[in-house]
Amino acid sequence: MIAVAVFWLPPRGIFGLSGAGLVNFEIFVFTNASIFAVALFLRSTFQRLRLIEQRLLATFNSVPAAIAAVDCNGQALVANEQYLSLFPTYTIPSRDPERVTRWRGWHEDGRPLQPDEFPGSRALRGESVLPGQEMIFTDEDGGEVWTRIATVPTRALEGEVSGFVTVITDISESKAVEAALRESENRLHTLIDGIPQLVWRAAPHGGWTWASYQWGTLTGVSGEASFGDGWLEALHPEDRAAAKQAQSSASEKMQIEFECRIRHRDTGEYRWFKFRAQPLLDGGGEILEWLGTCTDVHDLRELQNRQAVLVGELQHRTRNLIGVIGSMCEMTARSSSDYAEFRSKYRTRLDALARVQGLLSRLESDDRVAFDELLKMELTALQGNETAGKVSLSGPCGVRLRSSAVQTLAMALHELTTNALKYGALGQDGAALAINWALELGHEDDELWLQIAWTETGVQMSSGELAKGSGQGRALIEKALPYQLGARTAYEFKKDGVDCTIWIPISKDQSAVGRP
């Protein structure tokens, strides 16, 4: 007997995983027992191969990537469904003119890849493309899919390239995340570059790992040069040790905060900056890095120093003012016959003191009260414009007085003016007052004096006034001015009025002095 066994394979049969069917086997005629046994063995073998092929196909299709084994002609021998969705003709793009334009890739310098530079073409030349070339695939609907194509060549026993194995991964999601992260970083860097602060990052031990654009612009020390302890080069030499210590001990305090001077790259000027940083911690509370800023506090420090000087000056002036008020009250009381007279005299003297305090309060820290300004203020306050024609003023304008001298000198001018209104040149018809002042050098090189000459003429002095010849104003001029200001004075009652000369020391800085 003759047995006839018929086997056939569908397209891409055994392990041709992309085929439409699997192995088929039939026996039509058999009479010999041995032939029948062989046929049963073959049928069992092909059934096992069919099961293996089914499992391998299921495994390939479960992998979240396109996988294929390709022959030397660029045709897929073994491929899963994801691969076929990208290459429905089984042919790699560089060997498929109709679909090659669906794939685009670029070199690192931005040049587009040519088809012979695609991963499949390189693999067929024996090159491995690992971890893979990023390329964009355009699908049937015009949508773009980012992929990473990795290829490794396969070789025959003789060592010749027989094809390659490829794995193609969809990286569209990671690319979208990467783009979003890059956009977020760009926004953050734009924000950092726009804020008026210097921003930096440091390792847990304190060495810098990054510095913002403003740091290099201000200091001239680039971000790379500032890494580690390089940032200390921009600091004032006297501040470097303290700054380094503050960084080194930061992990104990869990914060960084100190002030130091930073050199400006163009001017060489040092300005004060406040360094502040907070640690970035991991889940266990360990420091991953420091995130810090430097804020310009130079102007603030200068304002604080100026404020301290002003507070000291205010306290000094307040103590002096209280002393002047107390002394003025006591002297007014001694020269007054009753309360009404005391109140009148004290009120006018207190008003004079208030005027000079208002004048002092309007000054900047480096300004000074000018003598002619002080004199005219007192004359105008007591007599208004009625002194016109009775008073002649002669002397340089803008003579700067020491602030400590203004109060006492103002009170002396007030007393002279008040007496002239009551008894002297400003209160009598036909009388006149001449006030002359000039600058004089002292015996020492650094001494400069202001001489003030108060001369009344045409005054009808009563014998009682000449006999009295004293009062609070004269005591202030002859005793208080020399004691408080180191002044020299000469005071005399003449038959036709008061003749008073005052020499008061002033600052040598009189660059703004001019003629009246």
# chains A, B, ... in the order shown; residues from 1 in each chain; ligands from 1

$ select_by_dssp --residues "range 171-418 of chain A" --states "helix (DSSP H, G or I)" --output "PyMOL selection string"
chain A and resi 172-194+213-219+230-234+237-248+250-253+298-334+339-361+371-383+403-418

$ residues_around --residues "Thr154 in chain A" --least-positions-apart "4" --cutoff "12 Å" --atoms "only C-alpha atoms" --output "JSON, numbers by chain"
{"A": [69, 70, 71, 72, 120, 123, 124, 125, 126, 127, 128, 158, 159, 160, 161, 162, 163, 164, 165, 166]}

$ write_last_selection --atoms "N, CA and C atoms" --output "short mmCIF file (atom, residue, chain, number, x, y, z; two decimals), in the first residue's frame"
data_model
loop_
_atom_site.label_atom_id
_atom_site.label_comp_id
_atom_site.auth_asym_id
_atom_site.auth_seq_id
_atom_site.Cartn_x
_atom_site.Cartn_y
_atom_site.Cartn_z
N ALA A 69 11.78 41.33 12.68
CA ALA A 69 13.04 40.84 12.13
C ALA A 69 12.96 41.04 10.63
N VAL A 70 13.95 41.74 10.07
CA VAL A 70 13.91 42.17 8.68
C VAL A 70 15.07 41.49 7.92
N ASP A 71 14.81 41.09 6.68
CA ASP A 71 15.85 40.43 5.90
C ASP A 71 16.73 41.47 5.20
N CYS A 72 17.68 40.99 4.43
CA CYS A 72 18.64 41.90 3.81
C CYS A 72 18.04 42.75 2.71
N GLY A 120 17.17 51.77 9.46
CA GLY A 120 17.17 50.50 8.74
C GLY A 120 18.30 50.42 7.74
N ALA A 123 21.51 49.83 9.55
CA ALA A 123 21.63 48.46 10.06
C ALA A 123 22.03 47.50 8.95
N LEU A 124 21.51 47.69 7.75
CA LEU A 124 21.87 46.82 6.63
C LEU A 124 23.32 47.02 6.20
N ARG A 125 23.92 48.15 6.63
CA ARG A 125 25.35 48.35 6.37
C ARG A 125 26.21 47.85 7.54
N GLY A 126 25.54 47.22 8.55
CA GLY A 126 26.28 46.65 9.66
C GLY A 126 26.39 47.54 10.88
N GLU A 127 25.68 48.70 10.90
CA GLU A 127 25.74 49.62 12.05
C GLU A 127 24.62 49.31 13.03
N SER A 128 24.94 49.41 14.30
CA SER A 128 23.91 49.33 15.33
C SER A 128 23.47 50.75 15.67
N GLU A 158 28.47 32.94 7.83
CA GLU A 158 29.68 33.43 7.20
C GLU A 158 30.07 34.82 7.68
N GLY A 159 29.23 35.45 8.51
CA GLY A 159 29.54 36.78 9.03
C GLY A 159 28.94 37.90 8.24
N GLU A 160 28.29 37.61 7.13
CA GLU A 160 27.70 38.66 6.32
C GLU A 160 26.38 39.10 6.95
N VAL A 161 26.02 40.39 6.73
CA VAL A 161 24.76 40.92 7.26
C VAL A 161 23.60 40.25 6.54
N SER A 162 22.73 39.64 7.31
CA SER A 162 21.59 38.95 6.73
C SER A 162 20.28 39.70 6.96
N GLY A 163 20.35 40.77 7.71
CA GLY A 163 19.15 41.54 8.03
C GLY A 163 19.38 42.31 9.33
N PHE A 164 18.28 42.60 10.00
CA PHE A 164 18.41 43.29 11.29
C PHE A 164 17.15 43.09 12.11
N VAL A 165 17.28 43.35 13.37
CA VAL A 165 16.15 43.33 14.30
C VAL A 165 15.90 44.78 14.73
N THR A 166 14.64 45.17 14.78
CA THR A 166 14.32 46.55 15.14
C THR A 166 13.23 46.61 16.19
#

$ residues_around --residues "Thr295 in chain A" --least-positions-apart "5" --cutoff "8 Å" --atoms "only C-alpha atoms" --output "ChimeraX atom specification"
/A:196-198,273-275

$ residues_around --residues "range 110-117 of chain A" --least-positions-apart "2" --cutoff "12 Å" --atoms "only C-alpha atoms" --output "compact mmCIF listing (two decimals) with all heavy atoms, in the first residue's frame"
# COMPACT_ATOMS: atom_id res chain seq x y z
N ILE A 92 10.82 48.46 4.72
CA ILE A 92 11.34 49.60 5.47
C ILE A 92 11.27 50.85 4.59
O ILE A 92 11.29 50.75 3.36
CB ILE A 92 12.78 49.36 5.95
CG1 ILE A 92 13.73 49.14 4.77
CG2 ILE A 92 12.83 48.18 6.91
CD1 ILE A 92 15.20 48.98 5.19
N PRO A 93 11.17 52.06 5.18
CA PRO A 93 10.93 53.29 4.39
C PRO A 93 11.98 53.54 3.31
O PRO A 93 11.63 53.99 2.22
CB PRO A 93 10.96 54.40 5.45
CG PRO A 93 10.64 53.72 6.73
CD PRO A 93 11.20 52.34 6.63
N SER A 94 13.26 53.31 3.61
CA SER A 94 14.29 53.63 2.62
C SER A 94 14.22 52.73 1.40
O SER A 94 14.82 53.04 0.36
CB SER A 94 15.68 53.50 3.26
OG SER A 94 15.87 52.20 3.79
N ARG A 95 13.44 51.63 1.47
CA ARG A 95 13.26 50.74 0.32
C ARG A 95 11.83 50.85 -0.24
O ARG A 95 11.45 50.04 -1.08
CB ARG A 95 13.54 49.29 0.72
CG ARG A 95 14.94 49.05 1.26
CD ARG A 95 15.99 49.20 0.21
NE ARG A 95 17.35 49.01 0.73
CZ ARG A 95 17.97 47.83 0.77
NH1 ARG A 95 17.35 46.73 0.32
NH2 ARG A 95 19.18 47.74 1.25
N ASP A 96 11.07 51.82 0.27
CA ASP A 96 9.67 51.96 -0.14
C ASP A 96 9.44 53.40 -0.59
O ASP A 96 9.08 54.27 0.21
CB ASP A 96 8.74 51.62 1.02
CG ASP A 96 7.28 51.52 0.60
OD1 ASP A 96 6.96 51.97 -0.51
OD2 ASP A 96 6.47 51.02 1.41
N PRO A 97 9.64 53.73 -1.88
CA PRO A 97 9.55 55.12 -2.37
C PRO A 97 8.20 55.77 -2.09
O PRO A 97 8.12 56.99 -1.91
CB PRO A 97 9.80 54.99 -3.88
CG PRO A 97 10.55 53.70 -4.03
CD PRO A 97 10.02 52.80 -2.96
N ARG A 99 6.28 55.43 0.54
CA ARG A 99 6.02 55.77 1.95
C ARG A 99 7.23 56.41 2.65
O ARG A 99 7.15 56.73 3.83
CB ARG A 99 5.61 54.50 2.72
CG ARG A 99 4.33 53.89 2.20
CD ARG A 99 3.92 52.69 3.02
NE ARG A 99 3.62 53.01 4.40
CZ ARG A 99 2.46 53.47 4.85
NH1 ARG A 99 1.45 53.66 4.00
NH2 ARG A 99 2.26 53.73 6.13
N VAL A 100 8.29 56.63 1.92
CA VAL A 100 9.49 57.15 2.58
C VAL A 100 9.27 58.56 3.11
O VAL A 100 9.86 58.96 4.11
CB VAL A 100 10.69 57.12 1.59
CG1 VAL A 100 10.48 58.11 0.46
CG2 VAL A 100 11.99 57.42 2.33
N THR A 101 8.38 59.35 2.46
CA THR A 101 8.17 60.74 2.89
C THR A 101 7.38 60.83 4.19
O THR A 101 7.25 61.92 4.76
CB THR A 101 7.43 61.51 1.80
OG1 THR A 101 6.20 60.84 1.48
CG2 THR A 101 8.29 61.63 0.54
N ARG A 102 6.83 59.69 4.62
CA ARG A 102 6.10 59.70 5.89
C ARG A 102 7.04 59.74 7.10
O ARG A 102 6.59 59.93 8.23
CB ARG A 102 5.20 58.47 6.01
CG ARG A 102 4.02 58.48 5.03
CD ARG A 102 3.18 57.24 5.21
NE ARG A 102 2.02 57.25 4.32
CZ ARG A 102 0.84 57.76 4.65
NH1 ARG A 102 0.67 58.29 5.85
NH2 ARG A 102 -0.17 57.72 3.79
N TRP A 103 8.33 59.57 6.85
CA TRP A 103 9.29 59.51 7.96
C TRP A 103 10.29 60.67 7.85
O TRP A 103 10.84 60.93 6.78
CB TRP A 103 10.07 58.18 7.92
CG TRP A 103 9.17 57.01 8.22
CD1 TRP A 103 8.42 56.31 7.33
CD2 TRP A 103 8.92 56.46 9.50
NE1 TRP A 103 7.71 55.33 7.96
CE2 TRP A 103 8.00 55.39 9.33
CE3 TRP A 103 9.37 56.72 10.78
CZ2 TRP A 103 7.53 54.62 10.36
CZ3 TRP A 103 8.91 55.96 11.84
CH2 TRP A 103 8.00 54.92 11.63
N ARG A 104 10.49 61.36 8.98
CA ARG A 104 11.42 62.48 9.02
C ARG A 104 12.28 62.38 10.28
O ARG A 104 11.79 62.01 11.36
CB ARG A 104 10.67 63.81 9.05
CG ARG A 104 9.98 64.17 7.75
CD ARG A 104 9.14 65.43 7.93
NE ARG A 104 8.01 65.18 8.81
CZ ARG A 104 7.47 66.09 9.64
NH1 ARG A 104 8.00 67.31 9.69
NH2 ARG A 104 6.44 65.79 10.39
N GLY A 105 13.54 62.69 10.09
CA GLY A 105 14.48 62.70 11.22
C GLY A 105 15.56 63.74 10.98
O GLY A 105 15.70 64.27 9.87
N TRP A 106 16.33 64.05 12.04
CA TRP A 106 17.33 65.11 11.94
C TRP A 106 18.62 64.72 12.65
O TRP A 106 18.61 63.97 13.64
CB TRP A 106 16.80 66.41 12.57
CG TRP A 106 15.62 66.96 11.86
CD1 TRP A 106 15.59 67.87 10.86
CD2 TRP A 106 14.23 66.59 12.08
NE1 TRP A 106 14.31 68.11 10.43
CE2 TRP A 106 13.45 67.34 11.17
CE3 TRP A 106 13.59 65.70 12.94
CZ2 TRP A 106 12.05 67.23 11.12
CZ3 TRP A 106 12.22 65.58 12.89
CH2 TRP A 106 11.46 66.35 11.98
N HIS A 107 19.72 65.23 12.13
CA HIS A 107 21.00 65.11 12.81
C HIS A 107 21.01 66.03 14.03
O HIS A 107 20.13 66.89 14.20
CB HIS A 107 22.15 65.48 11.86
CG HIS A 107 22.35 64.51 10.74
ND1 HIS A 107 23.02 63.32 10.90
CD2 HIS A 107 21.96 64.58 9.43
CE1 HIS A 107 23.06 62.69 9.74
NE2 HIS A 107 22.41 63.42 8.83
N GLU A 108 22.03 65.90 14.88
CA GLU A 108 22.14 66.74 16.05
C GLU A 108 22.30 68.21 15.69
O GLU A 108 21.89 69.09 16.45
CB GLU A 108 23.33 66.29 16.93
CG GLU A 108 23.11 64.94 17.59
CD GLU A 108 24.26 64.58 18.49
OE1 GLU A 108 25.23 65.37 18.55
OE2 GLU A 108 24.19 63.52 19.14
N PRO A 119 17.64 54.52 10.20
CA PRO A 119 18.19 53.41 11.00
C PRO A 119 18.24 52.08 10.25
O PRO A 119 19.21 51.33 10.39
CB PRO A 119 17.23 53.36 12.19
CG PRO A 119 16.70 54.74 12.33
CD PRO A 119 16.58 55.25 10.93
N GLY A 120 17.17 51.77 9.46
CA GLY A 120 17.17 50.50 8.74
C GLY A 120 18.30 50.42 7.74
O GLY A 120 18.99 49.37 7.61
N SER A 121 18.56 51.49 6.99
CA SER A 121 19.64 51.50 6.01
C SER A 121 20.99 51.34 6.71
O SER A 121 21.89 50.63 6.22
CB SER A 121 19.62 52.80 5.21
OG SER A 121 18.41 52.91 4.47
N ARG A 122 21.16 52.00 7.83
CA ARG A 122 22.42 51.88 8.57
C ARG A 122 22.62 50.46 9.08
O ARG A 122 23.75 49.93 9.06
CB ARG A 122 22.42 52.88 9.73
CG ARG A 122 22.48 54.33 9.28
CD ARG A 122 22.29 55.29 10.44
NE ARG A 122 23.32 55.09 11.47
CZ ARG A 122 23.32 55.72 12.65
NH1 ARG A 122 22.33 56.57 12.95
NH2 ARG A 122 24.28 55.49 13.52
N ALA A 123 21.51 49.83 9.55
CA ALA A 123 21.63 48.46 10.06
C ALA A 123 22.03 47.50 8.95
O ALA A 123 22.83 46.58 9.17
CB ALA A 123 20.31 48.02 10.70
N LEU A 124 21.51 47.69 7.75
CA LEU A 124 21.87 46.82 6.63
C LEU A 124 23.32 47.02 6.20
O LEU A 124 23.88 46.19 5.48
CB LEU A 124 20.93 47.06 5.45
CG LEU A 124 19.47 46.62 5.67
CD1 LEU A 124 18.61 46.98 4.47
CD2 LEU A 124 19.40 45.12 5.96
N ARG A 125 23.92 48.15 6.63
CA ARG A 125 25.35 48.35 6.37
C ARG A 125 26.21 47.85 7.54
O ARG A 125 27.42 48.04 7.55
CB ARG A 125 25.63 49.83 6.14
CG ARG A 125 25.02 50.37 4.86
CD ARG A 125 25.65 51.72 4.48
NE ARG A 125 25.41 52.76 5.46
CZ ARG A 125 24.37 53.59 5.45
NH1 ARG A 125 23.46 53.47 4.48
NH2 ARG A 125 24.25 54.52 6.37
N GLU A 127 25.68 48.70 10.90
CA GLU A 127 25.74 49.62 12.05
C GLU A 127 24.62 49.31 13.03
O GLU A 127 23.48 49.03 12.62
CB GLU A 127 25.61 51.07 11.59
CG GLU A 127 26.70 51.56 10.66
CD GLU A 127 26.46 53.01 10.27
OE1 GLU A 127 26.14 53.81 11.18
OE2 GLU A 127 26.58 53.35 9.08
N VAL A 129 22.17 50.98 15.75
CA VAL A 129 21.63 52.30 16.10
C VAL A 129 20.99 52.18 17.47
O VAL A 129 19.83 51.78 17.61
CB VAL A 129 20.61 52.77 15.04
CG1 VAL A 129 20.10 54.17 15.38
CG2 VAL A 129 21.22 52.74 13.65
N GLN A 133 17.28 56.20 17.05
CA GLN A 133 17.15 57.47 16.34
C GLN A 133 15.72 57.97 16.48
O GLN A 133 14.76 57.24 16.22
CB GLN A 133 17.50 57.28 14.86
CG GLN A 133 17.20 58.47 13.98
CD GLN A 133 18.14 59.63 14.24
OE1 GLN A 133 19.35 59.45 14.22
NE2 GLN A 133 17.59 60.80 14.51
N GLU A 134 15.57 59.24 16.90
CA GLU A 134 14.23 59.81 17.01
C GLU A 134 13.77 60.27 15.63
O GLU A 134 14.49 60.97 14.92
CB GLU A 134 14.22 60.99 17.99
CG GLU A 134 14.47 60.56 19.43
CD GLU A 134 14.35 61.72 20.40
OE1 GLU A 134 14.08 62.85 19.94
OE2 GLU A 134 14.50 61.50 21.62
N MET A 135 12.53 59.85 15.27
CA MET A 135 11.96 60.24 13.98
C MET A 135 10.47 60.48 14.14
O MET A 135 9.84 59.96 15.07
CB MET A 135 12.21 59.15 12.92
CG MET A 135 13.67 58.88 12.64
SD MET A 135 13.93 57.76 11.24
CE MET A 135 13.49 58.83 9.87
N ILE A 136 9.92 61.28 13.22
CA ILE A 136 8.48 61.56 13.23
C ILE A 136 7.83 60.78 12.09
O ILE A 136 8.28 60.82 10.95
CB ILE A 136 8.21 63.07 13.05
CG1 ILE A 136 8.73 63.85 14.26
CG2 ILE A 136 6.73 63.33 12.87
CD1 ILE A 136 8.53 65.36 14.13

$ select_by_dssp --residues "range 369-503 of chain A" --states "strand (DSSP E or B)" --output "VMD selection string"
chain A and resid 370 391 to 394 397 400 432 to 441 448 to 457 488 to 494 497 to 503

$ closest_residue --among "A:Leu421, A:Pro153, A:Ala308, A:Leu42" --to "Gly74 in chain A" --atoms "only C-alpha atoms"
A:Pro153
